[in-house]
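Undergrad: This structure is in structure tokens; I'll ask about it shortly.
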Amino acid sequence: MHPSVRNRVSWRPWAAACLSALLLELPFPLAGPLPPWRSVFAWIGLVPLLIVLLSPRFSGSPRPLRRGFFLGYLAGFLWYMGNCYWVRDTMMRYGDMPPMAPTLLLIGFSLVLGLYWGLFGLGLALVRRATGSVRLALIFAPFLWTTLELAAARITSVPWDQLGYSQVDNSFLTLLAPWTGVYGVSFVLVAVNALLAGGLLLGREIGNPLLKRFHSFRDLLSTVKGGIFLRRMPLCIEASGNSYCGTAMGRRAWASCGAVLLIAGFAGVFAAPSKPSTIATAVLIQPNLDVGNDTTWGSAGWDRHVAEFAQQAGITCRSFIEGIPQTGAPVVMPQCPVPQQRPNLVAWPESPAPFIQTDRRFNQAMAEVASAAQAPLIIGGIGDDYGQAGQDWRYYNSAMVFGPSGKGIGRYDKIHLVPFGEYIPFQNLLTFAHKLTGRVSSFSRGSDRKVFFLDASDGEVHRYGVFICYEAVFADEVRHFAKNGAQVLVNISDDGWYGDTSAPWQHLNMARMRAVENRRWILRDTNNGITAAIDPYGTVRQSILRHQAGALAAQFGYRDDITFYTAHGDVFAWLCAMASLALLASLVVRGRKERIVSSG
């Protein structure tokens with residue numbers, strides 16, 4: 001091969017991997033709400049990477065397995081650097097770290113999680129090399145991708161922005177979520193990417209770029225095995241010691257099928273989802289407290305904040321945004337009945353407020369607010385109690401629940417804590433982490449996904465499940481609240497740590513998918529936005545502006561039905577994992593047998 005041609009080929013795979021990383025950044029929020037049309041890039045973003053992983057021009061290069069791993073790794077590293085850039089911003093503002101440490105932390109974070117993409121590239125390269133079949137590798141792609149998303153959730157516990165979340169506004173594709181969870185949506189997206197890549201790859205196997213390597217038509221004819229009798233029959237040619245086969249109708253079928261699925265699936269973005277009825281009202285307080293300021297409040301500050309809380313808690317009719325903030329959704333002022341009805345629930349979010357369960361002043365204030373509003377309260381704060389030995393105090397990131405009379409009913413203690421934010425993993429080994437993360441908390445884990453039975457204004461008792469902040473990204477954990485009987489879900493969160501980055505919007509979309517999977521209303525109450533009422537189809541029905549103190553009078557309903565996903569969890573993802581492991585294991589066994597035969 002001429003040196004100029006070799007150099008041109010050598011950099012193109014890496015450029016294609018970078019292109020896939022860029023294209024797959026676009027179907028996720030960047031620094032504001034995601035325009036639904038931009039989700040189309042999730043249907044095509046993997047195509048460049050798939051082509052360079054499986055194209056004969058590149059898979060025939062020296063050390064194709066290592067090349068496949070690093071091509072995927074590069075794409076994954078760049079994707080995490082772009083999608084999760086807010087990690088650097090958050091740690092720079094609130095981590096008390098040395099100047100370069102937040103950047104190094106983001107790089108390390110991306111290097112670790114990018115390994116999943118590297119394994120994706122390695123797996124496809126392995127199947128391609130072991131079987132010689134591009135088709136099998138492409139069929140394998142959605143199974144392997146789903147398996148690695150499951151691994152990210154279960155092993156490293158960072159299932160952030162899995163590919164399926166890009167379609168949360170797609171009312172067609174999200175019909176899968178109550179059955180398969182977000183994993184089924186990811187599977188379809190990767191399958192369509194594979195079909196489109198197959199339409200290009202299978203053509204390239206016998207297309208012009210390869211034919212140019214033959215010096216004459218006679219040389220080409222001499223390499224055709226068995227002749228070409230029908231257009232539909234496989235055409236096989238040999239070049240550089242490798243055999244490449246393709247079928248004209250096959251590649252047209254792959255491309256056509258991919259295009260049809262893309263068009264039909266993406267049309268769901270423009271279809272209006274169902275609009276369920278509402279029968280209840282919750283007042284979701286948005287205090288807009290600065291997470292970087294002193295939060296002790298003092299006597300005067302305490303009285304002022306509690307008075308504002310009590311005043312906001314009693315207003316059940318007020319203006320709201322009919323949709324997601326910053327999208328141009330209209331502001332609605334409903335007709336308010338006189339007198340206003342009392343709320344079914346009042347919620348205060350996870351926030352830097354000095355709300356501690358054992359503080360007498362706190363309990364007295366909550367009793368006054370509940371009595372004035374005549375409604376149950378869910379309050380984000382710090383739960384504490386003695387440890388098992390009775391010798392040390394344990395602290396929890398908690399949601400404390402009070403009845404309409406102000407009497408404490410119970411609390412939910414956050415189970416899935418944020419590493420280096422709410423606890424330091426491997427404290428005995430990572431002693432330096434205390435210096436790097438000066439403001440890190442040291443919370444204990446909860447152990448019980450409780451469901452609370454709360455009196456409603458209609459005189460009935462309804463069941464509520466509460467999950468806190470980062471727990472919203474764990475589908476298989478949130479579903480347990482609905483499985484345990486919760487008729488509505490409450491998500492309290494403090495996204496003030498993220499500022500005006502992409503994280504609050506990404507976090508919102510993942511919470512919306514939890515509503516779809518479990519077919520439950522989610523009342524999302526945040527410190528400074530995005531406070532919203534999310535219906536069982538993932539649509540934000542009401543919200544209020546970010547970075548403003550206020551409250552949302554959220555209309556919602558109750559549901560008792562149990563979806564397949566609620567009942568059984570990640571069955572689909574585990575089946576994909578079993579299929580992937582079975583194929584890879586069979587290839588390993590086959591390779592060993594071939595080596596034994598050849599050595600014998």
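Scheme for the structure tokens: letters A, B, ... for chains in order shown; per-chain residue numbers from 1; ligand numbers from 1 in order shown.
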Restrict the calculation to only C-alpha atoms, then for each residue of region 449-555 of chain A with any atom at most 7 Å from an atom of region 559-570 of chain A give the closest atom pair and their distance in Å to one decimal, rows by chain and rising residue number, as CSV.

TA:
residue,atom,partner,partner_atom,distance
A:Asp476,CA,A:Gly569,CA,5.6
A:Arg479,CA,A:Thr566,CA,5.0
A:His480,CA,A:Thr566,CA,6.9
A:Ala482,CA,A:Thr566,CA,6.7
A:Lys483,CA,A:Thr566,CA,5.8
A:Gln487,CA,A:Arg559,CA,4.9
A:Val488,CA,A:Arg559,CA,6.9
A:Glu517,CA,A:Tyr565,CA,6.4
A:Asn518,CA,A:Thr566,CA,5.6
A:Arg520,CA,A:Arg559,CA,6.4

Undergrad: Let me see the file: selected residues, N, CA and C atoms, as a tab-separated table (two decimals), in the first residue's frame.

TA:
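As a result, selection-v2.tsv now contains:
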chain	number	residue	atom	x	y	z
A	476	ASP	N	-33.92	-0.10	38.69
A	476	ASP	CA	-34.26	-1.32	39.39
A	476	ASP	C	-34.46	-1.10	40.89
A	479	ARG	N	-38.22	1.04	41.22
A	479	ARG	CA	-39.40	0.22	40.96
A	479	ARG	C	-39.93	-0.46	42.22
A	480	HIS	N	-39.05	-0.69	43.20
A	480	HIS	CA	-39.47	-1.40	44.41
A	480	HIS	C	-40.52	-0.61	45.20
A	482	ALA	N	-42.99	1.16	43.92
A	482	ALA	CA	-44.29	0.82	43.31
A	482	ALA	C	-44.65	-0.63	43.57
A	483	LYS	N	-43.67	-1.51	43.52
A	483	LYS	CA	-43.92	-2.92	43.79
A	483	LYS	C	-44.42	-3.13	45.22
A	487	GLN	N	-48.71	4.30	45.39
A	487	GLN	CA	-49.60	4.75	44.33
A	487	GLN	C	-49.09	6.00	43.63
A	488	VAL	N	-48.16	6.69	44.26
A	488	VAL	CA	-47.54	7.88	43.69
A	488	VAL	C	-46.13	7.95	44.26
A	517	GLU	N	-41.62	3.78	33.36
A	517	GLU	CA	-41.40	2.36	33.65
A	517	GLU	C	-42.43	1.81	34.64
A	518	ASN	N	-42.82	2.65	35.61
A	518	ASN	CA	-43.71	2.17	36.67
A	518	ASN	C	-45.15	2.66	36.51
A	520	ARG	N	-46.40	5.62	37.09
A	520	ARG	CA	-46.75	6.35	38.28
A	520	ARG	C	-46.52	7.85	38.08

Undergrad: Output as a PDB file with N, CA and C atoms, in the first residue's frame all residues of region 314-522 of chain A that backbone DSSP marks as strand (DSSP E or B).

TA:
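After the write, selection-v4.pdb holds the following:
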ATOM      1  N   PHE A 320     -48.504  28.307  36.930  1.00  0.00           N
ATOM      2  CA  PHE A 320     -47.460  27.310  36.701  1.00  0.00           C
ATOM      3  C   PHE A 320     -47.109  27.303  35.217  1.00  0.00           C
ATOM      4  N   ILE A 321     -45.995  26.675  34.898  1.00  0.00           N
ATOM      5  CA  ILE A 321     -45.582  26.473  33.508  1.00  0.00           C
ATOM      6  C   ILE A 321     -46.159  25.150  33.041  1.00  0.00           C
ATOM      7  N   VAL A 331     -47.330  29.845  30.363  1.00  0.00           N
ATOM      8  CA  VAL A 331     -47.627  30.009  31.784  1.00  0.00           C
ATOM      9  C   VAL A 331     -49.138  30.049  31.943  1.00  0.00           C
ATOM     10  N   VAL A 332     -49.659  29.238  32.854  1.00  0.00           N
ATOM     11  CA  VAL A 332     -51.113  29.089  33.026  1.00  0.00           C
ATOM     12  C   VAL A 332     -51.501  29.593  34.410  1.00  0.00           C
ATOM     13  N   LEU A 345     -50.876  16.830  50.036  1.00  0.00           N
ATOM     14  CA  LEU A 345     -49.499  16.618  50.482  1.00  0.00           C
ATOM     15  C   LEU A 345     -48.744  17.932  50.381  1.00  0.00           C
ATOM     16  N   VAL A 346     -47.817  18.162  51.302  1.00  0.00           N
ATOM     17  CA  VAL A 346     -46.874  19.276  51.222  1.00  0.00           C
ATOM     18  C   VAL A 346     -45.471  18.682  51.309  1.00  0.00           C
ATOM     19  N   ALA A 347     -44.565  19.083  50.412  1.00  0.00           N
ATOM     20  CA  ALA A 347     -43.211  18.530  50.392  1.00  0.00           C
ATOM     21  C   ALA A 347     -42.173  19.644  50.447  1.00  0.00           C
ATOM     22  N   TRP A 348     -41.117  19.381  51.202  1.00  0.00           N
ATOM     23  CA  TRP A 348     -39.931  20.241  51.250  1.00  0.00           C
ATOM     24  C   TRP A 348     -38.771  19.399  50.750  1.00  0.00           C
ATOM     25  N   ILE A 356     -33.154  18.768  61.277  1.00  0.00           N
ATOM     26  CA  ILE A 356     -32.616  17.570  61.902  1.00  0.00           C
ATOM     27  C   ILE A 356     -33.716  16.919  62.729  1.00  0.00           C
ATOM     28  N   LEU A 377     -46.893  16.004  55.592  1.00  0.00           N
ATOM     29  CA  LEU A 377     -45.664  16.618  55.114  1.00  0.00           C
ATOM     30  C   LEU A 377     -44.621  15.546  54.803  1.00  0.00           C
ATOM     31  N   ILE A 378     -43.839  15.780  53.750  1.00  0.00           N
ATOM     32  CA  ILE A 378     -42.611  15.014  53.476  1.00  0.00           C
ATOM     33  C   ILE A 378     -41.477  16.030  53.447  1.00  0.00           C
ATOM     34  N   ILE A 379     -40.527  15.889  54.368  1.00  0.00           N
ATOM     35  CA  ILE A 379     -39.507  16.912  54.575  1.00  0.00           C
ATOM     36  C   ILE A 379     -38.116  16.310  54.406  1.00  0.00           C
ATOM     37  N   GLY A 380     -37.321  16.894  53.515  1.00  0.00           N
ATOM     38  CA  GLY A 380     -35.932  16.483  53.386  1.00  0.00           C
ATOM     39  C   GLY A 380     -35.100  17.039  54.524  1.00  0.00           C
ATOM     40  N   GLY A 381     -34.282  16.209  55.127  1.00  0.00           N
ATOM     41  CA  GLY A 381     -33.445  16.652  56.238  1.00  0.00           C
ATOM     42  C   GLY A 381     -32.492  15.565  56.665  1.00  0.00           C
ATOM     43  N   ILE A 382     -31.990  15.669  57.895  1.00  0.00           N
ATOM     44  CA  ILE A 382     -31.019  14.716  58.421  1.00  0.00           C
ATOM     45  C   ILE A 382     -31.683  13.870  59.501  1.00  0.00           C
ATOM     46  N   GLY A 383     -31.737  12.581  59.256  1.00  0.00           N
ATOM     47  CA  GLY A 383     -32.208  11.648  60.263  1.00  0.00           C
ATOM     48  C   GLY A 383     -31.027  11.150  61.059  1.00  0.00           C
ATOM     49  N   ASP A 384     -31.215  10.926  62.334  1.00  0.00           N
ATOM     50  CA  ASP A 384     -30.111  10.438  63.152  1.00  0.00           C
ATOM     51  C   ASP A 384     -30.631   9.510  64.234  1.00  0.00           C
ATOM     52  N   ASP A 385     -29.776   8.574  64.615  1.00  0.00           N
ATOM     53  CA  ASP A 385     -30.093   7.661  65.706  1.00  0.00           C
ATOM     54  C   ASP A 385     -28.808   6.993  66.155  1.00  0.00           C
ATOM     55  N   TYR A 386     -28.909   6.216  67.227  1.00  0.00           N
ATOM     56  CA  TYR A 386     -27.754   5.486  67.714  1.00  0.00           C
ATOM     57  C   TYR A 386     -27.437   4.329  66.781  1.00  0.00           C
ATOM     58  N   TRP A 393     -23.403   7.798  67.049  1.00  0.00           N
ATOM     59  CA  TRP A 393     -24.530   8.326  66.299  1.00  0.00           C
ATOM     60  C   TRP A 393     -24.349   8.018  64.822  1.00  0.00           C
ATOM     61  N   ARG A 394     -25.465   7.726  64.192  1.00  0.00           N
ATOM     62  CA  ARG A 394     -25.464   7.543  62.747  1.00  0.00           C
ATOM     63  C   ARG A 394     -26.367   8.594  62.126  1.00  0.00           C
ATOM     64  N   TYR A 395     -25.908   9.133  61.005  1.00  0.00           N
ATOM     65  CA  TYR A 395     -26.650  10.187  60.332  1.00  0.00           C
ATOM     66  C   TYR A 395     -27.065   9.706  58.949  1.00  0.00           C
ATOM     67  N   TYR A 396     -28.255  10.126  58.537  1.00  0.00           N
ATOM     68  CA  TYR A 396     -28.823   9.681  57.269  1.00  0.00           C
ATOM     69  C   TYR A 396     -29.342  10.878  56.486  1.00  0.00           C
ATOM     70  N   ASN A 397     -29.230  10.779  55.164  1.00  0.00           N
ATOM     71  CA  ASN A 397     -29.923  11.718  54.290  1.00  0.00           C
ATOM     72  C   ASN A 397     -31.353  11.202  54.187  1.00  0.00           C
ATOM     73  N   SER A 398     -32.296  11.910  54.785  1.00  0.00           N
ATOM     74  CA  SER A 398     -33.614  11.326  55.037  1.00  0.00           C
ATOM     75  C   SER A 398     -34.744  12.182  54.485  1.00  0.00           C
ATOM     76  N   ALA A 399     -35.879  11.518  54.311  1.00  0.00           N
ATOM     77  CA  ALA A 399     -37.162  12.174  54.074  1.00  0.00           C
ATOM     78  C   ALA A 399     -38.028  11.849  55.278  1.00  0.00           C
ATOM     79  N   MET A 400     -38.339  12.868  56.080  1.00  0.00           N
ATOM     80  CA  MET A 400     -39.134  12.673  57.299  1.00  0.00           C
ATOM     81  C   MET A 400     -40.592  12.975  57.005  1.00  0.00           C
ATOM     82  N   VAL A 401     -41.484  12.133  57.525  1.00  0.00           N
ATOM     83  CA  VAL A 401     -42.898  12.196  57.180  1.00  0.00           C
ATOM     84  C   VAL A 401     -43.715  12.512  58.432  1.00  0.00           C
ATOM     85  N   PHE A 402     -44.595  13.513  58.297  1.00  0.00           N
ATOM     86  CA  PHE A 402     -45.471  13.940  59.386  1.00  0.00           C
ATOM     87  C   PHE A 402     -46.916  13.843  58.910  1.00  0.00           C
ATOM     88  N   GLY A 408     -45.045  12.842  63.949  1.00  0.00           N
ATOM     89  CA  GLY A 408     -44.150  12.103  63.080  1.00  0.00           C
ATOM     90  C   GLY A 408     -44.652  10.714  62.783  1.00  0.00           C
ATOM     91  N   ILE A 409     -44.638  10.334  61.488  1.00  0.00           N
ATOM     92  CA  ILE A 409     -45.104   9.016  61.057  1.00  0.00           C
ATOM     93  C   ILE A 409     -43.931   8.071  60.832  1.00  0.00           C
ATOM     94  N   GLY A 410     -42.841   8.600  60.307  1.00  0.00           N
ATOM     95  CA  GLY A 410     -41.673   7.774  60.017  1.00  0.00           C
ATOM     96  C   GLY A 410     -40.713   8.530  59.121  1.00  0.00           C
ATOM     97  N   ARG A 411     -39.755   7.831  58.613  1.00  0.00           N
ATOM     98  CA  ARG A 411     -38.808   8.473  57.706  1.00  0.00           C
ATOM     99  C   ARG A 411     -38.247   7.430  56.748  1.00  0.00           C
ATOM    100  N   TYR A 412     -37.826   7.914  55.587  1.00  0.00           N
ATOM    101  CA  TYR A 412     -37.106   7.080  54.629  1.00  0.00           C
ATOM    102  C   TYR A 412     -35.663   7.543  54.616  1.00  0.00           C
ATOM    103  N   ASP A 413     -34.731   6.623  54.808  1.00  0.00           N
ATOM    104  CA  ASP A 413     -33.303   6.933  54.780  1.00  0.00           C
ATOM    105  C   ASP A 413     -32.731   6.531  53.429  1.00  0.00           C
ATOM    106  N   PRO A 419     -21.017   8.478  46.056  1.00  0.00           N
ATOM    107  CA  PRO A 419     -19.625   8.365  46.505  1.00  0.00           C
ATOM    108  C   PRO A 419     -18.891   9.692  46.389  1.00  0.00           C
ATOM    109  N   TYR A 423     -20.536   9.972  51.083  1.00  0.00           N
ATOM    110  CA  TYR A 423     -19.662   9.078  51.852  1.00  0.00           C
ATOM    111  C   TYR A 423     -18.380   8.883  51.047  1.00  0.00           C
ATOM    112  N   VAL A 451     -43.011   2.426  52.252  1.00  0.00           N
ATOM    113  CA  VAL A 451     -44.180   3.064  51.656  1.00  0.00           C
ATOM    114  C   VAL A 451     -45.001   3.649  52.796  1.00  0.00           C
ATOM    115  N   PHE A 452     -45.402   4.926  52.657  1.00  0.00           N
ATOM    116  CA  PHE A 452     -46.092   5.633  53.730  1.00  0.00           C
ATOM    117  C   PHE A 452     -47.578   5.760  53.406  1.00  0.00           C
ATOM    118  N   PHE A 453     -48.408   5.463  54.387  1.00  0.00           N
ATOM    119  CA  PHE A 453     -49.859   5.569  54.265  1.00  0.00           C
ATOM    120  C   PHE A 453     -50.275   6.928  54.837  1.00  0.00           C
ATOM    121  N   LEU A 454     -50.735   7.823  53.953  1.00  0.00           N
ATOM    122  CA  LEU A 454     -51.020   9.194  54.369  1.00  0.00           C
ATOM    123  C   LEU A 454     -52.480   9.546  54.099  1.00  0.00           C
ATOM    124  N   ASP A 455     -53.071  10.260  55.036  1.00  0.00           N
ATOM    125  CA  ASP A 455     -54.450  10.725  54.878  1.00  0.00           C
ATOM    126  C   ASP A 455     -54.519  11.782  53.790  1.00  0.00           C
ATOM    127  N   VAL A 461     -57.049   7.090  52.515  1.00  0.00           N
ATOM    128  CA  VAL A 461     -55.627   6.906  52.793  1.00  0.00           C
ATOM    129  C   VAL A 461     -54.950   6.434  51.511  1.00  0.00           C
ATOM    130  N   HIS A 462     -53.868   7.126  51.123  1.00  0.00           N
ATOM    131  CA  HIS A 462     -53.130   6.761  49.918  1.00  0.00           C
ATOM    132  C   HIS A 462     -51.680   6.447  50.266  1.00  0.00           C
ATOM    133  N   ARG A 463     -51.034   5.705  49.358  1.00  0.00           N
ATOM    134  CA  ARG A 463     -49.693   5.182  49.631  1.00  0.00           C
ATOM    135  C   ARG A 463     -48.658   5.935  48.799  1.00  0.00           C
ATOM    136  N   TYR A 464     -47.607   6.427  49.489  1.00  0.00           N
ATOM    137  CA  TYR A 464     -46.557   7.228  48.859  1.00  0.00           C
ATOM    138  C   TYR A 464     -45.203   6.537  49.024  1.00  0.00           C
ATOM    139  N   GLY A 465     -44.411   6.580  47.954  1.00  0.00           N
ATOM    140  CA  GLY A 465     -43.021   6.148  48.018  1.00  0.00           C
ATOM    141  C   GLY A 465     -42.120   7.343  47.784  1.00  0.00           C
ATOM    142  N   VAL A 466     -41.031   7.442  48.534  1.00  0.00           N
ATOM    143  CA  VAL A 466     -40.126   8.595  48.449  1.00  0.00           C
ATOM    144  C   VAL A 466     -38.724   8.105  48.111  1.00  0.00           C
ATOM    145  N   PHE A 467     -38.106   8.701  47.110  1.00  0.00           N
ATOM    146  CA  PHE A 467     -36.687   8.446  46.842  1.00  0.00           C
ATOM    147  C   PHE A 467     -35.968   9.779  46.709  1.00  0.00           C
ATOM    148  N   ILE A 468     -34.670   9.774  46.964  1.00  0.00           N
ATOM    149  CA  ILE A 468     -33.923  11.006  47.173  1.00  0.00           C
ATOM    150  C   ILE A 468     -32.847  11.178  46.106  1.00  0.00           C
ATOM    151  N   VAL A 488     -48.163   6.692  44.259  1.00  0.00           N
ATOM    152  CA  VAL A 488     -47.535   7.881  43.692  1.00  0.00           C
ATOM    153  C   VAL A 488     -46.131   7.953  44.263  1.00  0.00           C
ATOM    154  N   LEU A 489     -45.185   8.482  43.465  1.00  0.00           N
ATOM    155  CA  LEU A 489     -43.789   8.575  43.883  1.00  0.00           C
ATOM    156  C   LEU A 489     -43.412  10.035  44.098  1.00  0.00           C
ATOM    157  N   VAL A 490     -42.624  10.285  45.135  1.00  0.00           N
ATOM    158  CA  VAL A 490     -42.136  11.623  45.445  1.00  0.00           C
ATOM    159  C   VAL A 490     -40.615  11.591  45.383  1.00  0.00           C
ATOM    160  N   ASN A 491     -40.049  12.452  44.571  1.00  0.00           N
ATOM    161  CA  ASN A 491     -38.594  12.552  44.420  1.00  0.00           C
ATOM    162  C   ASN A 491     -38.143  13.910  44.943  1.00  0.00           C
ATOM    163  N   ILE A 492     -37.411  13.915  46.063  1.00  0.00           N
ATOM    164  CA  ILE A 492     -36.877  15.169  46.584  1.00  0.00           C
ATOM    165  C   ILE A 492     -35.396  15.235  46.233  1.00  0.00           C
ATOM    166  N   SER A 493     -34.952  16.401  45.784  1.00  0.00           N
ATOM    167  CA  SER A 493     -33.585  16.507  45.277  1.00  0.00           C
ATOM    168  C   SER A 493     -33.052  17.918  45.456  1.00  0.00           C
ATOM    169  N   ILE A 522     -44.949  11.142  39.322  1.00  0.00           N
ATOM    170  CA  ILE A 522     -43.800  11.500  40.155  1.00  0.00           C
ATOM    171  C   ILE A 522     -43.898  12.982  40.487  1.00  0.00           C
TER     172      ILE A 522
END

Undergrad: Can you pull out the residues contacting region 524-530 of chain A? Cut-off 6 Å, using only C-alpha atoms, and skip same-chain residues under 3 positions away; I want them as a PyMOL selection string.

TA: chain A and resi 284+286-288+349+351+490-494+496+546-547

Undergrad: I'd like the contact shell of Gln506 (chain A) - 8 Å cut-off, only C-alpha atoms, skipping same-chain residues fewer than 5 positions apart - returned as a VMD selection string.

TA: chain A and resid 28 to 29 161

Undergrad: Name the closest residue to Leu176 (chain A) among the candidates A:Arg519, A:Arg93, A:Arg445, A:His305; distances are taken between atoms, counting only C-alpha atoms.

TA: A:Arg519
